[in-house]
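Single-structure report; data block below.
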Amino acid sequence: MSVPCVTLAVPCRTDEPALRRTLDAAWASWQAAAQAETHILEVIVCLNGPAADCEALRDLRAFAAAHGTPLAEVDADAAPAPPATPPAVTALRTRRVGKAIAWELLRRRAHGEAILFLDADVWFSDDAFGLLLDALAAHPGAVLASARTRCETRPTAFERVMAVPYRVDFPNLSPQLYAARPAGLPASMPEDLFDPEHWLELTVGADRVVRAPGAHVVIRLPATPADFFRQRVRIEMGKVQCSAEYPGLACRAAPQPGLRAALAALGPADVARLGAYLALRETAHFVAWRRYRAGRTADVWQQASTTKRWDAV
């Protein structure tokens, strides 16, 4: 009888500068999980982008070598069939850029009875994977178990503004870290999505998404207005796209905290910062709406480089 498997699925751009750091944290979290006693971990990283030999691939090779396991390098654009027995570590390479493309390739390749979807540029504690898998097991009707996204803030006025929304507990799926039950996922994900997790959460439905108490994932905030708009225009374009192309999904969202509840979570200084943040977000939404209507969407997947600088203050 084969040993049951959990899949770690990581969508990763070829220009990702710190994949090894994230993979080391992932291994530590897996080793701390009770499921590591009864399951094997399959690691699949989808490297999407034009670079043939990139830093992210070198990081993945080093990770596999450090754990004494061979790395399977697979050209996803050649449409190979998944192997019957999963390799321990796989580099799934595609020249096409986009998180939805990577997500779909990862999902098709995964062998696990549960899939841990993880962004390549985040931090999380050792207990995160176990908490997510425990939450999924405790709710047999759930398809997704989500961490809560928090942020690491540099001591600047701009990032203090950027951090305000993370002080409010929104019940949304974390795009950066969640566990999924493959049998309940949609049959496929459209490859042109600008905000894949927003579409996924709405398609699955709020009643089949649970929060894993205590599971947190930490992101770096954009440190400059330019990086904020690179990141936020894509997110807002995802909202515009969902409204225009999938109008029936909005009613499936989880109820959001009202203005009074949001303000109650903030001090006076943060209320003022919230006003500044909302003004920036509305500007990004207007830009996204204009570009979407004009069909100017080709360059939406721009790297917000300051969100990758974990060692910089």
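So you can find residues: chains in the structure tokens are A, B, ... in the order shown, residues in each start at 1, and ligands are numbered from 1 in order.
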Sorted by chain and rising residue number, list the residues of range 29-56 of chain A at most 10 Å from range 67-75 of chain A (counting only C-alpha atoms), each with its closest atom pair and distance in Å to one decimal, as JSON lines.
{"residue": "A:Val43", "atom": "CA", "partner": "A:Leu71", "partner_atom": "CA", "distance": 9.8}
{"residue": "A:Ile44", "atom": "CA", "partner": "A:Ala72", "partner_atom": "CA", "distance": 9.4}
{"residue": "A:Val45", "atom": "CA", "partner": "A:Glu73", "partner_atom": "CA", "distance": 9.9}
{"residue": "A:Cys46", "atom": "CA", "partner": "A:Val74", "partner_atom": "CA", "distance": 9.5}
{"residue": "A:Leu47", "atom": "CA", "partner": "A:Asp75", "partner_atom": "CA", "distance": 9.9}
> DSSP says strand (DSSP E or B) for which residues of range 101-197 of chain A? Put them as a list in words?
Replying inline: Ala114, Ile115, Leu116, Phe117, Leu118, Trp123, Phe124, Leu144, Ala145, Ser146, Ala147, Arg148, Thr149, Arg150, Cys151, Glu152, Leu177, Tyr178, Ala179 and Ala180 of chain A
> So which residues touch Gly141 in chain A within 12 Å, counting only C-alpha atoms, skipping near sequence neighbours fewer than 4 positions away, as number ranges by chain?
Replying inline: A: 135-137, 145, 180-181, 183-184, 204-210
> Pick the closest to Thr85 in chain A from A:Pro50, A:Gly112, A:Gly238, A:Gly267: which is it, counting only C-alpha atoms?
Replying inline: A:Gly112
Please report, as a PDB file with N, CA, C and O atoms, in the first residue's frame, each residue of range 34-222 of chain A to which DSSP assigns alpha helix (DSSP H) when run on this structure's backbone.
ATOM      1  N   GLU A  55      17.628  32.296 -10.964  1.00  0.00           N
ATOM      2  CA  GLU A  55      17.976  32.159  -9.555  1.00  0.00           C
ATOM      3  C   GLU A  55      16.992  31.257  -8.824  1.00  0.00           C
ATOM      4  O   GLU A  55      17.372  30.471  -7.953  1.00  0.00           O
ATOM      5  N   ALA A  56      15.710  31.351  -9.176  1.00  0.00           N
ATOM      6  CA  ALA A  56      14.710  30.510  -8.510  1.00  0.00           C
ATOM      7  C   ALA A  56      14.974  29.033  -8.781  1.00  0.00           C
ATOM      8  O   ALA A  56      14.831  28.190  -7.882  1.00  0.00           O
ATOM      9  N   LEU A  57      15.360  28.690 -10.010  1.00  0.00           N
ATOM     10  CA  LEU A  57      15.672  27.288 -10.316  1.00  0.00           C
ATOM     11  C   LEU A  57      16.922  26.839  -9.566  1.00  0.00           C
ATOM     12  O   LEU A  57      16.974  25.717  -9.052  1.00  0.00           O
ATOM     13  N   ARG A  58      17.907  27.710  -9.469  1.00  0.00           N
ATOM     14  CA  ARG A  58      19.111  27.361  -8.700  1.00  0.00           C
ATOM     15  C   ARG A  58      18.767  27.149  -7.228  1.00  0.00           C
ATOM     16  O   ARG A  58      19.299  26.244  -6.577  1.00  0.00           O
ATOM     17  N   ASP A  59      17.874  27.977  -6.702  1.00  0.00           N
ATOM     18  CA  ASP A  59      17.421  27.786  -5.318  1.00  0.00           C
ATOM     19  C   ASP A  59      16.738  26.438  -5.137  1.00  0.00           C
ATOM     20  O   ASP A  59      16.935  25.748  -4.123  1.00  0.00           O
ATOM     21  N   LEU A  60      15.918  26.060  -6.103  1.00  0.00           N
ATOM     22  CA  LEU A  60      15.190  24.790  -6.009  1.00  0.00           C
ATOM     23  C   LEU A  60      16.153  23.608  -6.103  1.00  0.00           C
ATOM     24  O   LEU A  60      16.012  22.616  -5.379  1.00  0.00           O
ATOM     25  N   ARG A  61      17.151  23.721  -6.982  1.00  0.00           N
ATOM     26  CA  ARG A  61      18.163  22.663  -7.082  1.00  0.00           C
ATOM     27  C   ARG A  61      18.926  22.524  -5.761  1.00  0.00           C
ATOM     28  O   ARG A  61      19.184  21.406  -5.291  1.00  0.00           O
ATOM     29  N   ALA A  62      19.274  23.660  -5.165  1.00  0.00           N
ATOM     30  CA  ALA A  62      20.005  23.627  -3.893  1.00  0.00           C
ATOM     31  C   ALA A  62      19.140  23.023  -2.785  1.00  0.00           C
ATOM     32  O   ALA A  62      19.643  22.269  -1.931  1.00  0.00           O
ATOM     33  N   PHE A  63      17.867  23.330  -2.772  1.00  0.00           N
ATOM     34  CA  PHE A  63      16.960  22.772  -1.767  1.00  0.00           C
ATOM     35  C   PHE A  63      16.877  21.255  -1.913  1.00  0.00           C
ATOM     36  O   PHE A  63      16.964  20.521  -0.916  1.00  0.00           O
ATOM     37  N   ALA A  64      16.703  20.778  -3.147  1.00  0.00           N
ATOM     38  CA  ALA A  64      16.620  19.332  -3.366  1.00  0.00           C
ATOM     39  C   ALA A  64      17.926  18.647  -2.959  1.00  0.00           C
ATOM     40  O   ALA A  64      17.907  17.592  -2.299  1.00  0.00           O
ATOM     41  N   ALA A  65      19.058  19.248  -3.316  1.00  0.00           N
ATOM     42  CA  ALA A  65      20.354  18.660  -2.966  1.00  0.00           C
ATOM     43  C   ALA A  65      20.544  18.614  -1.460  1.00  0.00           C
ATOM     44  O   ALA A  65      21.068  17.630  -0.909  1.00  0.00           O
ATOM     45  N   ALA A  66      20.112  19.659  -0.757  1.00  0.00           N
ATOM     46  CA  ALA A  66      20.268  19.713   0.700  1.00  0.00           C
ATOM     47  C   ALA A  66      19.477  18.614   1.392  1.00  0.00           C
ATOM     48  O   ALA A  66      19.841  18.177   2.492  1.00  0.00           O
ATOM     49  N   LYS A  99      -0.200  33.927 -12.522  1.00  0.00           N
ATOM     50  CA  LYS A  99      -0.410  33.035 -11.382  1.00  0.00           C
ATOM     51  C   LYS A  99      -1.487  31.992 -11.659  1.00  0.00           C
ATOM     52  O   LYS A  99      -1.383  30.849 -11.205  1.00  0.00           O
ATOM     53  N   ALA A 100      -2.528  32.362 -12.404  1.00  0.00           N
ATOM     54  CA  ALA A 100      -3.584  31.395 -12.716  1.00  0.00           C
ATOM     55  C   ALA A 100      -3.036  30.255 -13.577  1.00  0.00           C
ATOM     56  O   ALA A 100      -3.425  29.089 -13.409  1.00  0.00           O
ATOM     57  N   ILE A 101      -2.136  30.575 -14.497  1.00  0.00           N
ATOM     58  CA  ILE A 101      -1.498  29.544 -15.324  1.00  0.00           C
ATOM     59  C   ILE A 101      -0.712  28.591 -14.438  1.00  0.00           C
ATOM     60  O   ILE A 101      -0.821  27.364 -14.555  1.00  0.00           O
ATOM     61  N   ALA A 102       0.089  29.159 -13.528  1.00  0.00           N
ATOM     62  CA  ALA A 102       0.880  28.328 -12.629  1.00  0.00           C
ATOM     63  C   ALA A 102      -0.016  27.484 -11.725  1.00  0.00           C
ATOM     64  O   ALA A 102       0.258  26.297 -11.489  1.00  0.00           O
ATOM     65  N   TRP A 103      -1.084  28.084 -11.196  1.00  0.00           N
ATOM     66  CA  TRP A 103      -2.000  27.358 -10.305  1.00  0.00           C
ATOM     67  C   TRP A 103      -2.585  26.140 -11.016  1.00  0.00           C
ATOM     68  O   TRP A 103      -2.635  25.043 -10.453  1.00  0.00           O
ATOM     69  N   GLU A 104      -3.039  26.325 -12.237  1.00  0.00           N
ATOM     70  CA  GLU A 104      -3.663  25.227 -12.977  1.00  0.00           C
ATOM     71  C   GLU A 104      -2.659  24.110 -13.260  1.00  0.00           C
ATOM     72  O   GLU A 104      -2.980  22.920 -13.117  1.00  0.00           O
ATOM     73  N   LEU A 105      -1.442  24.475 -13.623  1.00  0.00           N
ATOM     74  CA  LEU A 105      -0.413  23.462 -13.877  1.00  0.00           C
ATOM     75  C   LEU A 105      -0.072  22.698 -12.596  1.00  0.00           C
ATOM     76  O   LEU A 105       0.107  21.473 -12.614  1.00  0.00           O
ATOM     77  N   LEU A 106       0.026  23.400 -11.487  1.00  0.00           N
ATOM     78  CA  LEU A 106       0.319  22.764 -10.207  1.00  0.00           C
ATOM     79  C   LEU A 106      -0.794  21.807  -9.808  1.00  0.00           C
ATOM     80  O   LEU A 106      -0.553  20.671  -9.372  1.00  0.00           O
ATOM     81  N   ARG A 107      -1.999  22.265  -9.930  1.00  0.00           N
ATOM     82  CA  ARG A 107      -3.146  21.436  -9.519  1.00  0.00           C
ATOM     83  C   ARG A 107      -3.220  20.147 -10.347  1.00  0.00           C
ATOM     84  O   ARG A 107      -3.500  19.066  -9.820  1.00  0.00           O
ATOM     85  N   ARG A 108      -2.960  20.250 -11.652  1.00  0.00           N
ATOM     86  CA  ARG A 108      -3.021  19.056 -12.501  1.00  0.00           C
ATOM     87  C   ARG A 108      -1.909  18.068 -12.167  1.00  0.00           C
ATOM     88  O   ARG A 108      -2.071  16.860 -12.333  1.00  0.00           O
ATOM     89  N   ARG A 109      -0.775  18.589 -11.704  1.00  0.00           N
ATOM     90  CA  ARG A 109       0.391  17.740 -11.435  1.00  0.00           C
ATOM     91  C   ARG A 109       0.350  17.100 -10.052  1.00  0.00           C
ATOM     92  O   ARG A 109       1.013  16.086  -9.796  1.00  0.00           O
ATOM     93  N   ALA A 128       2.167  26.443  10.924  1.00  0.00           N
ATOM     94  CA  ALA A 128       1.156  26.861   9.942  1.00  0.00           C
ATOM     95  C   ALA A 128       0.599  25.689   9.136  1.00  0.00           C
ATOM     96  O   ALA A 128      -0.622  25.543   8.993  1.00  0.00           O
ATOM     97  N   PHE A 129       1.456  24.834   8.592  1.00  0.00           N
ATOM     98  CA  PHE A 129       0.977  23.741   7.751  1.00  0.00           C
ATOM     99  C   PHE A 129       0.091  22.783   8.547  1.00  0.00           C
ATOM    100  O   PHE A 129      -0.977  22.363   8.073  1.00  0.00           O
ATOM    101  N   GLY A 130       0.521  22.438   9.742  1.00  0.00           N
ATOM    102  CA  GLY A 130      -0.277  21.534  10.562  1.00  0.00           C
ATOM    103  C   GLY A 130      -1.639  22.108  10.891  1.00  0.00           C
ATOM    104  O   GLY A 130      -2.658  21.399  10.853  1.00  0.00           O
ATOM    105  N   LEU A 131      -1.682  23.397  11.215  1.00  0.00           N
ATOM    106  CA  LEU A 131      -2.959  24.037  11.537  1.00  0.00           C
ATOM    107  C   LEU A 131      -3.898  24.041  10.328  1.00  0.00           C
ATOM    108  O   LEU A 131      -5.105  23.803  10.471  1.00  0.00           O
ATOM    109  N   LEU A 132      -3.365  24.293   9.150  1.00  0.00           N
ATOM    110  CA  LEU A 132      -4.202  24.301   7.945  1.00  0.00           C
ATOM    111  C   LEU A 132      -4.737  22.909   7.639  1.00  0.00           C
ATOM    112  O   LEU A 132      -5.935  22.734   7.345  1.00  0.00           O
ATOM    113  N   LEU A 133      -3.891  21.908   7.701  1.00  0.00           N
ATOM    114  CA  LEU A 133      -4.333  20.544   7.414  1.00  0.00           C
ATOM    115  C   LEU A 133      -5.293  20.039   8.483  1.00  0.00           C
ATOM    116  O   LEU A 133      -6.261  19.329   8.176  1.00  0.00           O
ATOM    117  N   ASP A 134      -5.068  20.415   9.742  1.00  0.00           N
ATOM    118  CA  ASP A 134      -5.993  20.042  10.819  1.00  0.00           C
ATOM    119  C   ASP A 134      -7.367  20.673  10.593  1.00  0.00           C
ATOM    120  O   ASP A 134      -8.407  20.039  10.811  1.00  0.00           O
ATOM    121  N   ALA A 135      -7.381  21.939  10.166  1.00  0.00           N
ATOM    122  CA  ALA A 135      -8.657  22.631   9.925  1.00  0.00           C
ATOM    123  C   ALA A 135      -9.422  21.969   8.792  1.00  0.00           C
ATOM    124  O   ALA A 135     -10.649  21.814   8.855  1.00  0.00           O
ATOM    125  N   LEU A 136      -8.707  21.569   7.753  1.00  0.00           N
ATOM    126  CA  LEU A 136      -9.365  20.898   6.634  1.00  0.00           C
ATOM    127  C   LEU A 136      -9.944  19.557   7.085  1.00  0.00           C
ATOM    128  O   LEU A 136     -11.078  19.207   6.734  1.00  0.00           O
ATOM    129  N   ALA A 137      -9.185  18.806   7.890  1.00  0.00           N
ATOM    130  CA  ALA A 137      -9.661  17.508   8.375  1.00  0.00           C
ATOM    131  C   ALA A 137     -10.852  17.658   9.323  1.00  0.00           C
ATOM    132  O   ALA A 137     -11.745  16.805   9.350  1.00  0.00           O
ATOM    133  N   ALA A 138     -10.875  18.747  10.093  1.00  0.00           N
ATOM    134  CA  ALA A 138     -11.954  18.957  11.066  1.00  0.00           C
ATOM    135  C   ALA A 138     -13.248  19.410  10.419  1.00  0.00           C
ATOM    136  O   ALA A 138     -14.299  19.401  11.070  1.00  0.00           O
ATOM    137  N   ALA A 157       6.534  56.201   6.979  1.00  0.00           N
ATOM    138  CA  ALA A 157       5.163  56.713   6.974  1.00  0.00           C
ATOM    139  C   ALA A 157       4.324  56.010   5.914  1.00  0.00           C
ATOM    140  O   ALA A 157       3.142  55.684   6.138  1.00  0.00           O
ATOM    141  N   PHE A 158       4.923  55.753   4.754  1.00  0.00           N
ATOM    142  CA  PHE A 158       4.166  55.124   3.672  1.00  0.00           C
ATOM    143  C   PHE A 158       3.723  53.709   4.059  1.00  0.00           C
ATOM    144  O   PHE A 158       2.565  53.325   3.854  1.00  0.00           O
ATOM    145  N   GLU A 159       4.631  52.916   4.643  1.00  0.00           N
ATOM    146  CA  GLU A 159       4.244  51.551   4.994  1.00  0.00           C
ATOM    147  C   GLU A 159       3.282  51.501   6.164  1.00  0.00           C
ATOM    148  O   GLU A 159       2.501  50.556   6.293  1.00  0.00           O
ATOM    149  N   ARG A 160       3.316  52.503   7.031  1.00  0.00           N
ATOM    150  CA  ARG A 160       2.305  52.549   8.091  1.00  0.00           C
ATOM    151  C   ARG A 160       0.911  52.733   7.496  1.00  0.00           C
ATOM    152  O   ARG A 160      -0.073  52.211   8.016  1.00  0.00           O
ATOM    153  N   VAL A 161       0.826  53.466   6.396  1.00  0.00           N
ATOM    154  CA  VAL A 161      -0.445  53.585   5.672  1.00  0.00           C
ATOM    155  C   VAL A 161      -0.816  52.241   5.043  1.00  0.00           C
ATOM    156  O   VAL A 161      -1.958  51.779   5.132  1.00  0.00           O
ATOM    157  N   MET A 162       0.162  51.597   4.401  1.00  0.00           N
ATOM    158  CA  MET A 162      -0.090  50.314   3.730  1.00  0.00           C
ATOM    159  C   MET A 162      -0.538  49.223   4.711  1.00  0.00           C
ATOM    160  O   MET A 162      -1.271  48.306   4.353  1.00  0.00           O
ATOM    161  N   ALA A 163      -0.101  49.338   5.971  1.00  0.00           N
ATOM    162  CA  ALA A 163      -0.372  48.277   6.945  1.00  0.00           C
ATOM    163  C   ALA A 163      -1.775  48.322   7.540  1.00  0.00           C
ATOM    164  O   ALA A 163      -2.233  47.321   8.106  1.00  0.00           O
ATOM    165  N   PRO A 196      -6.469  35.313  -9.119  1.00  0.00           N
ATOM    166  CA  PRO A 196      -6.988  33.944  -9.137  1.00  0.00           C
ATOM    167  C   PRO A 196      -7.674  33.516  -7.854  1.00  0.00           C
ATOM    168  O   PRO A 196      -8.700  32.831  -7.888  1.00  0.00           O
ATOM    169  N   GLU A 197      -7.111  33.884  -6.693  1.00  0.00           N
ATOM    170  CA  GLU A 197      -7.694  33.428  -5.433  1.00  0.00           C
ATOM    171  C   GLU A 197      -9.048  34.067  -5.164  1.00  0.00           C
ATOM    172  O   GLU A 197      -9.910  33.450  -4.522  1.00  0.00           O
ATOM    173  N   HIS A 198      -9.253  35.297  -5.621  1.00  0.00           N
ATOM    174  CA  HIS A 198     -10.570  35.926  -5.466  1.00  0.00           C
ATOM    175  C   HIS A 198     -11.612  35.131  -6.250  1.00  0.00           C
ATOM    176  O   HIS A 198     -12.690  34.813  -5.730  1.00  0.00           O
ATOM    177  N   TRP A 199     -11.288  34.775  -7.485  1.00  0.00           N
ATOM    178  CA  TRP A 199     -12.190  33.949  -8.299  1.00  0.00           C
ATOM    179  C   TRP A 199     -12.401  32.593  -7.640  1.00  0.00           C
ATOM    180  O   TRP A 199     -13.529  32.080  -7.585  1.00  0.00           O
ATOM    181  N   LEU A 200     -11.317  31.983  -7.140  1.00  0.00           N
ATOM    182  CA  LEU A 200     -11.413  30.664  -6.524  1.00  0.00           C
ATOM    183  C   LEU A 200     -12.320  30.694  -5.307  1.00  0.00           C
ATOM    184  O   LEU A 200     -13.199  29.830  -5.141  1.00  0.00           O
ATOM    185  N   GLU A 201     -12.128  31.684  -4.442  1.00  0.00           N
ATOM    186  CA  GLU A 201     -12.943  31.789  -3.228  1.00  0.00           C
ATOM    187  C   GLU A 201     -14.417  31.942  -3.574  1.00  0.00           C
ATOM    188  O   GLU A 201     -15.287  31.297  -2.966  1.00  0.00           O
ATOM    189  N   LEU A 202     -14.722  32.779  -4.558  1.00  0.00           N
ATOM    190  CA  LEU A 202     -16.118  32.991  -4.940  1.00  0.00           C
ATOM    191  C   LEU A 202     -16.703  31.750  -5.614  1.00  0.00           C
ATOM    192  O   LEU A 202     -17.878  31.416  -5.412  1.00  0.00           O
ATOM    193  N   THR A 203     -15.912  31.073  -6.418  1.00  0.00           N
ATOM    194  CA  THR A 203     -16.407  29.883  -7.114  1.00  0.00           C
ATOM    195  C   THR A 203     -16.685  28.750  -6.134  1.00  0.00           C
ATOM    196  O   THR A 203     -17.700  28.052  -6.235  1.00  0.00           O
ATOM    197  N   VAL A 204     -15.790  28.547  -5.188  1.00  0.00           N
ATOM    198  CA  VAL A 204     -16.003  27.512  -4.162  1.00  0.00           C
ATOM    199  C   VAL A 204     -17.171  27.884  -3.259  1.00  0.00           C
ATOM    200  O   VAL A 204     -17.987  27.034  -2.885  1.00  0.00           O
TER     201      VAL A 204
END
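Here the question is which of A:Gln231, A:Val164, A:Arg252, A:Ala284 gets nearest to Asp270 in chain A using only C-alpha atoms, and that residue is A:Val164.
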Using only C-alpha atoms, what table do you get, as a tab-separated table, when you list each residue of range 113-174 of chain A with an atom no more than 12 Å from range 253-263 of chain A, its nearest pair of atoms, and their distance in Å rounded to one decimal, rows by chain then rising number?
residue	atom	partner	partner_atom	distance
A:Val164	CA	A:Ala262	CA	10.1
A:Pro165	CA	A:Ala262	CA	8.8
A:Tyr166	CA	A:Ala262	CA	10.5
A:Arg167	CA	A:Ala262	CA	8.6
A:Val168	CA	A:Ala262	CA	5.9
A:Asp169	CA	A:Pro257	CA	7.9
A:Phe170	CA	A:Gln256	CA	6.4
A:Pro171	CA	A:Ala254	CA	6.7
A:Asn172	CA	A:Ala254	CA	7.0
A:Leu173	CA	A:Ala254	CA	9.5
> What's the 7 Å shell around Val233 in chain A, counting only C-alpha atoms, without same-chain residues fewer than 5 positions away, as a ChimeraX atom specification?
Replying inline: /A:284-285,287-288
Deliver the residues from the most recent selection as a file, using N, CA and C atoms, as a PDB file, in the first residue's frame.
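Output saved as selection.pdb:
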ATOM      1  N   ALA A 284      -6.172  53.355  -7.778  1.00  0.00           N
ATOM      2  CA  ALA A 284      -5.752  52.129  -8.454  1.00  0.00           C
ATOM      3  C   ALA A 284      -6.933  51.450  -9.140  1.00  0.00           C
ATOM      4  N   HIS A 285      -8.098  51.462  -8.488  1.00  0.00           N
ATOM      5  CA  HIS A 285      -9.287  50.840  -9.088  1.00  0.00           C
ATOM      6  C   HIS A 285      -9.684  51.568 -10.374  1.00  0.00           C
ATOM      7  N   VAL A 287      -7.723  53.309 -12.376  1.00  0.00           N
ATOM      8  CA  VAL A 287      -6.723  52.987 -13.397  1.00  0.00           C
ATOM      9  C   VAL A 287      -6.982  51.583 -13.960  1.00  0.00           C
ATOM     10  N   ALA A 288      -7.259  50.627 -13.068  1.00  0.00           N
ATOM     11  CA  ALA A 288      -7.522  49.254 -13.502  1.00  0.00           C
ATOM     12  C   ALA A 288      -8.755  49.187 -14.390  1.00  0.00           C
TER      13      ALA A 288
END
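If you look at CA of Thr153 in chain A and CA of Leu8 in chain A, they are 27.1 Å away from each other.
Considering only C-alpha atoms, the residue among A:Cys12, A:Ala147, A:Ala33, A:Ala142 positioned nearest to Gly214 in chain A is A:Ala147.
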> Hey, what's within 8 Å of range 114-120 of chain A if we count only C-alpha atoms and toss same-chain stuff fewer than 6 positions away? As an MDAnalysis selection string, please?
Replying inline: chainID A and resid 5:12 16 18:19 22:23 129 133 175:182
